[in-house]
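Encoded as structure tokens, the structure appears first; notes follow it.
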Amino acid sequence: MVRTSIKTNGSGLDRLSDLPEHLSCRILSQLSTKDSVRTSVLSKHWRNLWLHVPALDLDTIDFPNNLVFKEFIDRFVEFDKELDLKRFELFYDVNHAHSFDEFLWMIDDVVKRRVGRVTVINNVYVVDETLVTMPLSLYSCATLVNLDLSFVAMNKPQSELVSLPCVKTMHLDAVKFNGDDSILETLISSCSVLDDLTVIAHPGDYAQVVCVRSRSLKSFTLESQSQYQDPDVVIDCPRLEYMSVMEYQPASIVVHSIGPYAKVNIDVMFEVDYEDPLAITMIRSFLIAISKAREMTISTRTLELIDGYYLMGNELPKFSNLSRLNALLDKSFWDRLPGFLGCCINLNSFVLELDGPSEIEEIKVSTLLQDVLSARGFVQLKTPVSVTRTSSERKLAAYFVKKSG
């Protein structure tokens with residue numbers, strides 16, 4: 001909170017008010033708009049200074065009603081139309097006197113102010129509540145660099161009108177595409193310099209495929225909030241350095257390309273029949289694609305997928321580039337590791353992390369797993385910080401260190 005007083009030096013001069021306007025605005029840009037406006041009562045110098053700040057950080061709950069909110073936006077937008085807006089952040093309550101037309105008008109005006117960063121977080125209390133819809137003007141904002149949307153809807157634009165040439169970071173949390181797979185694909189393809197993409201799927205959307213094709217993308221994160229089957233995934237990103245697919249349960253994932261020596265974090269389960277030749281082909285292609293990784297984190301579900309494929313008599317690809325492996329596994333799956341570890345021929349760091357309750361009477365490690373672990377360059381056993389290891393776990397940790405030393 002900003003204090004509504006200004007300290008002076010011994011001569012009674014207000015040195016803050018003597019600062020050049022651009023420096024004063026830089027100071028105010030580090031505050032929320034709410035606190036920036038409060039400085040207007042400090043002195044004449046500060047009265048309208050907040051209107052020159054190239055940033056808006058707003059929360060609709062700070063306004064008594066929608067009319068006051070609209071008047072506030074109007075005043076800011078009309079005051080200096082030549083000012084480029086570097087940042088627009090809005091925490092929006094769709095249940096707070098929402099007007100669809102006025103919301104569209106507001107975002108349109110932000111786009112016209114050559115905005116660089118847009119964050120719109122729609123505060124919803126249940127997943128199936130009304131979502132605000134983003135205007136089509138956002139799809140062609142030539143100055144936009146960062147786009148962060150949460151619990152909003154996006155309608156299908158005409159593809160020739162979509163152009164986001166400067167967008168480098170896109171974070172889409174529970175954005176609903178109304179079952180139209182092409183909207184996300186069009187958005188991504190319009191971002192020629194996109195570097196970082198996060199998609200957290202809306203549990204109520206009915207998209208069939210999440211298609212990510214980008215020649216520039218370096219980091220991609222995909223997460224699910226659904227309790228049911230997730231959309232299929234297609235990834236074609238030859239420069240991808242980091243890929244994370246978490247808590248995801250599709251029928252298929254097709255990875256055409258990722259960068260060599262990428263870092264991947266995989267927690268997936270396929271709804272497939274392991275006796276189906278098409279399913280086996282899909283899993284084989286997926287494993288071959290991720291076998292290029294330099295670092296990898298796998299979950300119990302991922303190991304179950306790999307092991308299910310292996311037990312059906314299928315040969316696993318060699319993970320020749322893999323040097324670091326982190327496995328977050330339930331203890332009941334530890335003995336499924338040998339088949340996979342045998343393919344990691346250049347592994348020199350292996351962290352086995354306990355997943356689930358740690359207090360058990362005994363940990364049994366098969367001879368085969370012991371032999372595989374003893375061949376690793378470095379093995380570390382991790383337990384949650386809040387959990388005290390049992391004596392058997394301490395013995396197992398000591399065994400790992402002894403065998404790998």
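Chains: A, B, ... in order of the structure tokens. Residues: from 1 per chain. Ligands: from 1, in order shown.
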Return as a tab-separated table the residues of region 202-256 of chain A lying at most 8 Å from region 187-193 of chain A, together with the closest atom-to-atom pair for each and the distance in Å to one decimal, counting only C-alpha atoms, with rows in chain order and ascending residue number.
residue	atom	partner	partner_atom	distance
A:Val212	CA	A:Ile188	CA	6.9
A:Arg213	CA	A:Ser189	CA	6.7
A:Ser214	CA	A:Ser189	CA	6.4
A:Arg215	CA	A:Ser192	CA	7.7
A:Ser216	CA	A:Val193	CA	5.6
A:Leu217	CA	A:Val193	CA	7.5
Next, write the just-selected residues to a file, as a JSON list (two decimals), in the first residue's frame, keeping N, CA and C atoms as the atom set.
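Output file out-v8.json follows:
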[["chain", "number", "residue", "atom", "x", "y", "z"],
["A", 212, "VAL", "N", 0.36, -29.29, -31.93],
["A", 212, "VAL", "CA", 1.38, -28.27, -31.70],
["A", 212, "VAL", "C", 2.46, -28.42, -32.77],
["A", 213, "ARG", "N", 2.43, -27.51, -33.72],
["A", 213, "ARG", "CA", 3.43, -27.49, -34.79],
["A", 213, "ARG", "C", 4.10, -26.12, -34.77],
["A", 214, "SER", "N", 5.39, -26.10, -34.55],
["A", 214, "SER", "CA", 6.11, -24.83, -34.48],
["A", 214, "SER", "C", 7.58, -25.05, -34.81],
["A", 215, "ARG", "N", 8.12, -24.17, -35.64],
["A", 215, "ARG", "CA", 9.54, -24.24, -35.98],
["A", 215, "ARG", "C", 10.40, -23.49, -34.98],
["A", 216, "SER", "N", 9.75, -22.70, -34.10],
["A", 216, "SER", "CA", 10.52, -21.87, -33.16],
["A", 216, "SER", "C", 10.41, -22.33, -31.71],
["A", 217, "LEU", "N", 9.40, -23.11, -31.38],
["A", 217, "LEU", "CA", 9.09, -23.44, -29.99],
["A", 217, "LEU", "C", 10.24, -24.20, -29.32]]
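All residues of protein, DNA or RNA that reach within 6 Å of region 248-259 of chain A, judged by only C-alpha atoms and not counting those fewer than 2 positions away in the chain, are A:Ser224, A:Gln229, A:Asp230, A:Pro231, A:Asp232, A:Val233, A:Val234, A:Ile235, A:Asp236, A:Cys237, A:Pro238, A:Arg239, A:Leu240, A:Glu241, A:Met246, A:Ala262, A:Val268, A:Met269, A:Phe270, A:Glu271.
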Determine, for each residue of region 161-206 of chain A having at least one atom at most 12 Å from an atom of region 130-140 of chain A, the closest pair of atoms and their separation in Å to one decimal, counting only C-alpha atoms; order by chain and ascending number, as a tab-separated table.
residue	atom	partner	partner_atom	distance
A:Leu161	CA	A:Ser140	CA	6.5
A:Val162	CA	A:Tyr139	CA	5.1
A:Ser163	CA	A:Ser140	CA	4.6
A:Leu164	CA	A:Ser140	CA	5.7
A:Pro165	CA	A:Ser140	CA	8.6
A:Cys166	CA	A:Ser140	CA	10.4
A:Val167	CA	A:Ser140	CA	10.6
A:Ala174	CA	A:Leu131	CA	10.1
A:Val175	CA	A:Leu131	CA	8.9
A:Lys176	CA	A:Leu131	CA	8.3
A:Phe177	CA	A:Thr133	CA	10.0
A:Asn178	CA	A:Thr133	CA	10.9
A:Ile183	CA	A:Tyr139	CA	10.4
A:Leu184	CA	A:Tyr139	CA	11.2
A:Thr186	CA	A:Tyr139	CA	9.7
A:Leu187	CA	A:Tyr139	CA	7.5
A:Ile188	CA	A:Tyr139	CA	10.7
A:Ser189	CA	A:Tyr139	CA	11.7
A:Ser190	CA	A:Tyr139	CA	8.8
A:Cys191	CA	A:Tyr139	CA	10.1
A:His202	CA	A:Leu131	CA	11.2
A:Gly204	CA	A:Leu131	CA	11.4
A:Asp205	CA	A:Leu131	CA	11.9
Residue list (alpha helix (DSSP H), DSSP) for region 202-350 of chain A, as a CSV table (one decimal) with N, CA and C atoms, in the first residue's frame:
chain,number,residue,atom,x,y,z
A,277,PRO,N,-2.3,-54.0,-33.2
A,277,PRO,CA,-1.0,-53.6,-33.9
A,277,PRO,C,-0.9,-52.1,-34.1
A,278,LEU,N,-2.0,-51.4,-34.3
A,278,LEU,CA,-1.9,-49.9,-34.5
A,278,LEU,C,-1.5,-49.3,-33.2
A,279,ALA,N,-2.0,-49.8,-32.1
A,279,ALA,CA,-1.6,-49.2,-30.8
A,279,ALA,C,-0.1,-49.4,-30.5
A,280,ILE,N,0.4,-50.6,-30.8
A,280,ILE,CA,1.8,-51.0,-30.7
A,280,ILE,C,2.7,-50.1,-31.5
A,281,THR,N,2.2,-49.8,-32.8
A,281,THR,CA,3.0,-49.0,-33.7
A,281,THR,C,3.1,-47.5,-33.1
A,282,MET,N,1.9,-47.1,-32.6
A,282,MET,CA,1.9,-45.7,-32.0
A,282,MET,C,2.8,-45.6,-30.8
A,283,ILE,N,2.8,-46.6,-29.9
A,283,ILE,CA,3.7,-46.5,-28.7
A,283,ILE,C,5.1,-46.6,-29.1
A,284,ARG,N,5.4,-47.5,-30.1
A,284,ARG,CA,6.8,-47.6,-30.6
A,284,ARG,C,7.3,-46.3,-31.1
A,285,SER,N,6.5,-45.6,-31.9
A,285,SER,CA,6.9,-44.3,-32.5
A,285,SER,C,7.1,-43.3,-31.4
A,286,PHE,N,6.2,-43.3,-30.4
A,286,PHE,CA,6.4,-42.4,-29.3
A,286,PHE,C,7.7,-42.6,-28.5
A,287,LEU,N,8.0,-43.9,-28.2
A,287,LEU,CA,9.2,-44.2,-27.5
A,287,LEU,C,10.4,-43.8,-28.3
A,288,ILE,N,10.4,-44.0,-29.6
A,288,ILE,CA,11.6,-43.7,-30.4
A,288,ILE,C,11.8,-42.2,-30.4
A,289,ALA,N,10.7,-41.4,-30.5
A,289,ALA,CA,10.8,-40.0,-30.5
A,289,ALA,C,11.4,-39.4,-29.2
A,290,ILE,N,11.0,-39.9,-28.0
A,290,ILE,CA,11.5,-39.4,-26.8
A,290,ILE,C,12.9,-40.1,-26.4
A,300,THR,N,5.1,-43.4,-12.5
A,300,THR,CA,4.6,-44.8,-12.4
A,300,THR,C,3.8,-45.2,-13.6
A,301,ARG,N,2.9,-44.3,-14.1
A,301,ARG,CA,2.1,-44.5,-15.2
A,301,ARG,C,2.9,-44.7,-16.5
A,302,THR,N,4.0,-43.9,-16.6
A,302,THR,CA,4.8,-44.0,-17.8
A,302,THR,C,5.6,-45.3,-17.8
A,303,LEU,N,6.1,-45.7,-16.7
A,303,LEU,CA,6.8,-46.9,-16.6
A,303,LEU,C,5.9,-48.1,-16.9
A,304,GLU,N,4.6,-48.0,-16.4
A,304,GLU,CA,3.6,-49.0,-16.7
A,304,GLU,C,3.4,-49.2,-18.2
A,305,LEU,N,3.4,-48.0,-18.9
A,305,LEU,CA,3.2,-48.0,-20.3
A,305,LEU,C,4.4,-48.7,-21.0
A,306,ILE,N,5.6,-48.3,-20.6
A,306,ILE,CA,6.8,-48.9,-21.2
A,306,ILE,C,6.9,-50.4,-20.9
A,307,ASP,N,6.6,-50.7,-19.7
A,307,ASP,CA,6.7,-52.1,-19.3
A,307,ASP,C,5.6,-53.0,-20.0
A,308,GLY,N,4.4,-52.4,-20.2
A,308,GLY,CA,3.3,-53.2,-20.9
A,308,GLY,C,3.7,-53.4,-22.3
A,309,TYR,N,4.4,-52.5,-23.0
A,309,TYR,CA,4.9,-52.6,-24.3
A,309,TYR,C,6.0,-53.7,-24.4
A,310,TYR,N,6.9,-53.6,-23.4
A,310,TYR,CA,8.0,-54.5,-23.4
A,310,TYR,C,7.6,-56.0,-23.1
A,311,LEU,N,6.6,-56.2,-22.2
A,311,LEU,CA,6.2,-57.5,-21.9
A,311,LEU,C,5.4,-58.2,-23.0
A,337,LEU,N,11.8,-51.8,-13.6
A,337,LEU,CA,12.8,-50.9,-14.1
A,337,LEU,C,13.8,-51.6,-15.0
A,338,PRO,N,14.2,-52.8,-14.7
A,338,PRO,CA,15.4,-53.4,-15.5
A,338,PRO,C,15.2,-53.3,-17.0
A,339,GLY,N,14.1,-53.6,-17.5
A,339,GLY,CA,13.9,-53.6,-19.0
A,339,GLY,C,14.2,-52.3,-19.6
A,340,PHE,N,13.7,-51.2,-18.9
A,340,PHE,CA,13.9,-49.9,-19.4
A,340,PHE,C,15.3,-49.4,-19.2
A,341,LEU,N,15.9,-49.7,-18.0
A,341,LEU,CA,17.2,-49.2,-17.7
A,341,LEU,C,18.3,-49.9,-18.6
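Of note, CA of Thr198 (chain A) and CA of Ile266 (chain A) are spaced 14.7 Å apart.
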What lies within 6 Å of region 84-91 of chain A using only C-alpha atoms, ignoring chain neighbours under 5 positions off, as a list in words?
Pro54, Ala55, Leu56, Asp57, Leu58, Asp59, Arg113, Arg114, Val115, Gly116, Arg117, Val118, Thr119, Val120 and Ile121 of chain A
Next, the residues of the selection above should be written as a compact mmCIF listing (two decimals), in the first residue's frame with C-alpha atoms.
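What follows is the written file again37.txt:
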# COMPACT_ATOMS: atom_id res chain seq x y z
CA PRO A 54 2.08 2.31 -19.58
CA ALA A 55 0.54 -0.45 -17.48
CA LEU A 56 -2.87 -1.44 -16.14
CA ASP A 57 -3.27 -4.01 -13.35
CA LEU A 58 -6.94 -4.28 -12.44
CA ASP A 59 -9.26 -6.45 -10.39
CA ARG A 113 -2.97 0.81 -27.51
CA ARG A 114 -0.28 -1.50 -28.93
CA VAL A 115 -0.16 -3.69 -25.85
CA GLY A 116 2.89 -5.88 -25.18
CA ARG A 117 1.61 -8.20 -22.45
CA VAL A 118 -1.97 -9.36 -21.84
CA THR A 119 -3.08 -11.34 -18.80
CA VAL A 120 -6.77 -12.11 -18.31
CA ILE A 121 -7.74 -14.36 -15.42
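Taking CA of Val152 (chain A) as the reference point, CA of Asn122 (chain A) is found at 6.5 Å.
Here the question is which of A:Asp93, A:Glu295, A:Asp173, A:Asp267 gets nearest to Asn65 (chain A) using only C-alpha atoms, and that residue is A:Asp93.
Counting from CA of Gly342 (chain A), the distance to CA of Leu322 (chain A) is 11.8 Å.
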If you run DSSP over the backbone, which residues in region 257-370 of chain A end up strand (DSSP E)? Put them as a PyMOL selection string.
chain A and resi 257+263-268+295-299+324-329+349-354
